[in-house]
Amino acid sequence: MNSNKSRLFVYFLSVGLMMMSLVFPVLADYDPEIDPNSPEPILLSEDGTTRALAVERFSGKRTSLEKIESRAFAPESSVVVFVTNLDLMKDEGADAFRAYIETKEGRQYRFPVLNIQPVPGREWIYAMTILLKDEVGFWEPPTADGDVLLRISWRGMTSNRVRLGYGAIGGNVRDDAGAVPTPVKQFSKPPVKEQVDNYVGYRWSGDRLRLLEQATFGPNPALDARIRRIGLKVWLNEQFNAPYPSANYPYPNFPLVSTTVPNTCNGSENPTGTPPDPPDTYPLCFRDHYTMYPLQNWFFKEAFYGDSQLRHRVAWALNQMWVTSGLDIQQSRYMTEYHKILSNNAFGNFRTLMKEMTLNPAMGEYLDMRRSTRNSPNENYPREILQLFTIGLYMLNQNGTVQTDANNNPIPSYDQTTVNNFTKVFTGWSLCETTGTCPNRSLDGPNYIDPMLLNQANHDVTAKTLLSYPNAVNTNIPANTNGNTELDLALDNIFYHPNVGPFVSRYMIQHLVTSDPTPAYVGRVAAVFNNNGSGVRGDMKAVVKAILLDPEARGNVKTDPNFGKLREPVLLLTNLFRAFNVRSADGTQQSDGVVAQLSNNMLQNPFYPPTVFNFYAPGFVVPGTTLNGPEFGIMTTGTSITRANFVNTMVFSRVNVSVPTIPNGTSLDFSELQALATADPTGNQLMDALNQKMMHNAMPSAMRETIRTAVLAVPSTTPLVRAQQAVYLVATSSQYQVQR
Amino acid sequence: MKQSRRDFLKKSGCALGMVTLATQFEHFGMMSALAQKTIDAENLGGDNYKALVVVFLAGGNDGNNTVIPNHSSTTLSNYATYSAARSAQGLALPQASLLPITVPRMGGLDYGLHPALGTVANGVNNGIHELWAQQKMAIVPNCGTLVRPTTKTQYQTASHPKPYQLYSHSDQVEQAQAGRSGTPSITGWGGKLADKLHLGSNPTGLLPMVTSISGAQLFTTGQNFLPLAINDSNTSLSNVLNPQGFGTSATQVARLNAFNQLRTQDLSSNYVAAASHVTDLAIQANSALATFQEVTVTFPNTSIGRQLKQVARLVKKRLDLNVNRQVFYCQIGGFDTHNGQLNTQATQLSQFSQAARAFYDEMVAQGVQNNVTLFTMSDFGRTFNPAGTGTGVVGSDHAWGNHLFVIGGSVLGGDFYGVNTSNGTPFPTLTFGGIDDADSGTSARGRWIPTTAVDQYAATLANWFGLQAADVPYVFPNLANFPTSNLGFMS
């Protein structure tokens, strides 16, 4: 079901049956409601072997696919291979594909795909030009002394692997088990798209569950049933309009209090300034006002039980982009107001988010803008809004790839002079403490609720030169411009920079779907960022929709080895909890959400990222590989074990009540699994249920049997232990730890 | 009966023996057959033992308030120069508070260390200042990322190669940790030392050569070897990688077998394989860490104190671990002092100083002070010109060159080292827009152009550590761009 080989065989069977459809494949509109699955590309081989059908250059009709002779290809030359079983959309081209080789040493390299074009007269076969030059540079270049295995991937699906002579033909690289020749003669007709029953409304749709993994804090039966009934698009619209926070989980509402912790609140055991690690050891007053405890618990309860899952998930992604931290932000109320900006704008316009966040007092405190003045300017916010929040360090193409100069060096998007100029722009803003102007001003503590206010006297009124780019907006701001006006001009200067679309799009894709999306996927989403179809730039609702409905996101199973993302600790936790009806320690009521310590043990303490660079960097490369995998930034030998120990705690035990800090506690409910383990002593029903609940019906068969064997080692008289045994093993497996 | 770690390993043997990863990461300890026989290998963990310990001052420590001219020489920047630049905004440290050090390289002039580097309230020791007079601590001033030597004129020349994204945290950290500026890297110089030295030095080592006590870091990542990353001393060594819930019942044994077996299955996804591999590494190392001896010196109960304490435990266990070379990474954050610097930097520096001194004393107690060298790195220095005004507010912004510390029995301490700037000394001329300032014009803020490259600094340490000349270009590809490859601060 999930193996490429079986798909291939299905394909060959269908070729035999296929006598209809002499129409050339047309560029179809992709509709995830009809069939979310993209076909698996097939690389053609020579007749009778698994050697790639490959030529140095493709000359249209003059290249006879039947008369290609085996040969080797020199490093850094280009090679044309042939691929079929595609279903391209309009404008889907070379950047939708990636080419990987593996050498006899087992090293993987990524080669650029330069071009793809249909073969004249056989438009269902495409000639693909690949440059045999490593894109990544982790390893020294492969030795050009024999065959390598080549695969291409497209929309998260991998092709079969074929042999390619690299420098020479031969050598001892081994074919994949079960690899079969795929000669052109087997593809004398256009392929018929494989019929898959797993459309969105189908009972066993893996895609529906995958959508929930991407768009929520974890699938559960109620959501699954809802989407099955109303379809993806209607469900997304429902989510776009759902009230937030959900009715039963309002934001914590602690008032602003003095920045000097009163004696009645601090307790002698509580030195101020000590990092709250763990926060729940502090006295209540301190805990509620001066740590993120209330917000963390609210965050988890909303994730466990809230109905506005998509907004909460998108806000969580934005929270890790526009970073502030409880390490520096003193009061939970400050952070709550900051979070409201994230959630209010999660489906709003990015430009509004930019302005509201720029003037948010917590951000002003965290990155020092609130103290930056004409005479004492501070570069922190100006630098980070450019580098981390909007455009990034290098000029990007719309598909997110980095633009390079004639010497192949990346082109910086700005320099220190630009930072200096933005620094001047952002001077003169401070907390809103003017009676009459600031509705939330409080006598009890500084106003971290209302947007910051300009004091023109502290504003640098000299002329500024901002970002310069093709068709740039507001690059030059004249002297003596009013600071309020100037802020909007400067934010527009950033907002209309061509990098913003690909930068934000790639970031959001990484958080929701996959760590290393193809440029084509980024480009499709960035196009929507640039124009939502109604001429509006920065429409985040449209962006989120484009991300989740893209063919690279959709489908029952993804087979590309480089598709997916490691579950960050928060999502590992919430997915496990939601799958098993998370509740209080005694099972009689809801969890209190006091679980941040569990997540902190895995190096992700919500609202306490260590720096403005978040818990991990978007560009993090998995050590020892060439893979981009941000969440691996906190996946170490140490946390690999704390992750397993977290599962151990929740599966075999619980978070116990500890009044007053942990009023309800937290536990999981395995009664449904227990019943299945009781009903079926073979363990098969148990494994079926886990496959659906946790693995979107894509659990590999070897994994299933390994776990079932361990289940059968548990006496059948203790069905609960059987269920626990199985859940522990699924949840700690790398297959589950990676969202695919 | 409690299951022993060796049993655990044996039971998971099928998993560990069969692991073949897409990335073909060689397992540490499994390559002994291929290991070159070296003299070191005859005496694992013994007299030939050497360890490098990084303390990364994350966020960019303000070197300008860490090492300060404490003299009134008329030919070099003096205390008055310093005070004039920083006192109006309240960032200058009073001269009387500075901890004096006499610097032969500066003609015997006095410099001053930040007072937090000496005795502090509630300290557990006297701090690192004392180590200067004991000649166990050296300073490398104005060290930073460089692609090749760079004068101000060259800096202003577009075609002269420069580090990419100066003043950006992430990029400057990356280049400092990579041991190479100018080109992005996905390996670090600690990891690359292991690539070249692990097999020869630790042929039967039970741990990877590189251990981070502060998470995944570029510095620790090599091409062929992954680092260990473990918690600080709040978790005992015997628990730091120990999966819970596995005992001797049939249920638990079956669970363990499956837990291990699953990591060998279905590795076609590279993310799945990577997650499995790092877990394998943890399980394997866990078997070597069942017991340990506690250190004897009192460490401060701060993050950096606990990190260095965990390092000291591992050093103490070196004979058990069959290791002759180890590299450790520790980090103390909070140095990105855009505001409130006076308090914050004093706190952070005192935590560093207290922890580093405890670590040095513990190495003395273990008798390995000559075998272990601790050194600092940081993102960058900070602007000489303050950001903001007023005692509780004033801070400084991102800059470039910085002053770094090297501590240990094999350090030729009590002096400055490094390449001279045009003033004839390695300490920069503290003049806004001057010859050592990357900034120009009236709003120049004092971002010192380094005269010594981090590559040179690192290579000096690597040379002491035993990196062979032939392997230097692999670890420090740009080192050949600099006239001096060894700064001379190691004996």
# chains A, B, ... in the order shown; residues from 1 in each chain; ligands from 1
call {"tool": "interface_residues", "arguments": {"of": "chain A", "to": "chain B", "cutoff": "6 Å", "atoms": "only C-alpha atoms", "output": "PyMOL selection string"}}
result
chain A and resi 106-107+376+378+561-562+623-624+633+636-638+640-641+645+706+710+713-714+734-735
call {"tool": "write_last_selection", "arguments": {"atoms": "C-alpha atoms", "output": "compact mmCIF listing (two decimals), in the first residue's frame"}}
result
# COMPACT_ATOMS: atom_id res chain seq x y z
CA GLY A 106 26.00 5.58 0.91
CA ARG A 107 26.40 9.32 0.72
CA SER A 376 20.56 56.91 21.96
CA ASN A 378 19.19 50.98 19.44
CA PRO A 561 12.73 10.36 1.78
CA ASN A 562 13.18 14.08 2.36
CA PRO A 623 23.82 17.08 11.92
CA GLY A 624 25.57 14.56 9.75
CA GLY A 633 17.96 21.84 16.49
CA THR A 636 19.97 15.66 20.57
CA THR A 637 21.13 12.48 22.23
CA GLY A 638 19.86 13.98 25.47
CA SER A 640 15.98 11.79 22.22
CA ILE A 641 15.85 10.10 25.63
CA ASN A 645 10.78 9.34 28.92
CA THR A 706 7.44 -5.64 15.65
CA ALA A 710 5.81 -6.98 21.85
CA ALA A 713 4.45 -10.79 25.09
CA VAL A 714 2.07 -9.13 27.54
CA SER A 734 11.02 7.58 14.82
CA GLN A 735 8.21 6.90 12.37
call {"tool": "residues_around", "arguments": {"residues": "Met209 (chain B)", "least_positions_apart": "6", "cutoff": "7 Å", "atoms": "only C-alpha atoms", "output": "mmCIF file with N, CA and C atoms, in the first residue's frame"}}
result
data_model
loop_
_atom_site.group_PDB
_atom_site.id
_atom_site.type_symbol
_atom_site.label_atom_id
_atom_site.label_comp_id
_atom_site.auth_asym_id
_atom_site.auth_seq_id
_atom_site.Cartn_x
_atom_site.Cartn_y
_atom_site.Cartn_z
ATOM 1 N N ALA B 194 37.165 15.944 15.535
ATOM 2 C CA ALA B 194 36.831 14.535 15.748
ATOM 3 C C ALA B 194 36.962 13.734 14.459
ATOM 4 N N HIS B 198 39.437 11.268 16.062
ATOM 5 C CA HIS B 198 38.739 10.289 16.904
ATOM 6 C C HIS B 198 39.282 8.878 16.719
ATOM 7 N N ARG B 325 41.216 11.938 23.770
ATOM 8 C CA ARG B 325 40.936 13.299 23.321
ATOM 9 C C ARG B 325 39.452 13.561 23.493
ATOM 10 N N GLN B 326 39.147 14.689 24.114
ATOM 11 C CA GLN B 326 37.741 15.068 24.224
ATOM 12 C C GLN B 326 37.582 16.559 23.971
ATOM 13 N N VAL B 327 36.447 16.895 23.390
ATOM 14 C CA VAL B 327 36.100 18.289 23.155
ATOM 15 C C VAL B 327 34.729 18.522 23.792
#
call {"tool": "select_by_dssp", "arguments": {"residues": "region 443-497 of chain A", "states": "strand (DSSP E or B)", "output": "MDAnalysis selection string"}}
result
chainID A and resid 453:454 464:465 476:477
call {"tool": "write_last_selection", "arguments": {"atoms": "N, CA and C atoms", "output": "short mmCIF file (atom, residue, chain, number, x, y, z; two decimals), in the first residue's frame"}}
result
data_model
loop_
_atom_site.label_atom_id
_atom_site.label_comp_id
_atom_site.auth_asym_id
_atom_site.auth_seq_id
_atom_site.Cartn_x
_atom_site.Cartn_y
_atom_site.Cartn_z
N LEU A 453 3.55 54.66 21.86
CA LEU A 453 3.19 55.99 21.41
C LEU A 453 4.46 56.74 20.99
N LEU A 454 4.31 57.56 19.94
CA LEU A 454 5.46 58.33 19.47
C LEU A 454 5.66 59.59 20.31
N LYS A 464 16.11 59.40 5.58
CA LYS A 464 16.54 57.99 5.64
C LYS A 464 16.53 57.38 4.26
N THR A 465 17.47 56.45 4.08
CA THR A 465 17.48 55.65 2.86
C THR A 465 17.23 54.20 3.27
N ASN A 476 13.34 56.31 -0.11
CA ASN A 476 13.87 57.54 0.47
C ASN A 476 12.79 58.26 1.25
N ILE A 477 13.06 58.48 2.52
CA ILE A 477 12.11 59.22 3.35
C ILE A 477 12.75 60.57 3.65
#
call {"tool": "residues_around", "arguments": {"residues": "Ile407 (chain B)", "least_positions_apart": "6", "cutoff": "8 Å", "atoms": "only C-alpha atoms", "output": "number ranges by chain"}}
result
B: 131, 136-138, 360, 373-375, 413
call {"tool": "residues_around", "arguments": {"residues": "Ala527 (chain A)", "least_positions_apart": "4", "cutoff": "8 Å", "atoms": "only C-alpha atoms", "output": "list in words"}}
result
Gln398, Gly501, Gly523, Asn531 and Asn532 of chain A
call {"tool": "atom_distance", "arguments": {"atom1": "CA of Pro410 (chain A)", "atom2": "CA of Pro502 (chain A)"}}
result
15.9 Å
call {"tool": "select_by_dssp", "arguments": {"residues": "region 259-361 of chain A", "states": "helix (DSSP H, G or I)", "output": "number ranges by chain"}}
result
A: 263-266, 279-281, 284-290, 293-305, 309-319, 332-345, 350-358, 361
call {"tool": "residues_around", "arguments": {"residues": "Ala84 (chain B)", "least_positions_apart": "2", "cutoff": "12 Å", "atoms": "only C-alpha atoms", "output": "list in words"}}
result
Ser77, Asn78, Tyr79, Ala80, Thr81, Tyr82, Arg86, Ser87, Ala88, Gln89, Gly90, Leu91, Ala92, Leu93, Pro94, Phe384, Asn385, Pro386, Leu430, Thr431 and Phe432 of chain B
call {"tool": "residues_around", "arguments": {"residues": "Leu149 (chain A)", "least_positions_apart": "6", "cutoff": "10 Å", "atoms": "only C-alpha atoms", "output": "ChimeraX atom specification"}}
result
/A:50-52,100-104,106,108,160-166,173-176
call {"tool": "residues_around", "arguments": {"residues": "Asn463 (chain B)", "least_positions_apart": "6", "cutoff": "12 Å", "atoms": "only C-alpha atoms", "output": "ChimeraX atom specification"}}
result
/B:50,52,193,197,455-457,469-472,475-476,485-491
call {"tool": "write_last_selection", "arguments": {"atoms": "C-alpha atoms", "output": "compact mmCIF listing (two decimals), in the first residue's frame"}}
result
# COMPACT_ATOMS: atom_id res chain seq x y z
CA LYS B 50 43.87 16.25 26.31
CA LEU B 52 39.36 21.34 24.95
CA LEU B 193 38.67 17.76 14.94
CA LEU B 197 41.42 12.58 15.52
CA ASP B 455 40.69 30.68 12.73
CA GLN B 456 44.14 31.50 14.13
CA TYR B 457 42.89 31.37 17.68
CA ALA B 469 49.62 19.81 9.88
CA ALA B 470 48.27 17.81 6.98
CA ASP B 471 44.79 17.92 8.47
CA VAL B 472 44.76 21.64 9.22
CA VAL B 475 39.52 21.86 9.74
CA PHE B 476 40.52 25.47 9.01
CA SER B 485 48.96 29.91 12.21
CA ASN B 486 49.99 29.63 15.83
CA LEU B 487 49.54 32.56 18.19
CA GLY B 488 51.89 31.03 20.71
CA PHE B 489 49.75 31.05 23.84
CA MET B 490 49.95 27.27 24.35
CA SER B 491 53.03 25.56 25.67
call {"tool": "atom_distance", "arguments": {"atom1": "CA of His459 (chain A)", "atom2": "CA of Ala472 (chain A)"}}
result
24.1 Å
call {"tool": "atom_distance", "arguments": {"atom1": "CA of Gly205 (chain B)", "atom2": "CA of Asn324 (chain B)"}}
result
8.2 Å
call {"tool": "closest_residue", "arguments": {"among": "A:Tyr199, A:Phe615, A:Tyr305, A:Phe187", "to": "Met635 (chain A)", "atoms": "only C-alpha atoms"}}
result
A:Phe615
call {"tool": "closest_residue", "arguments": {"among": "B:Lys152, B:His71, B:His403, B:Arg318", "to": "Gly433 (chain B)", "atoms": "only C-alpha atoms"}}
result
B:Lys152
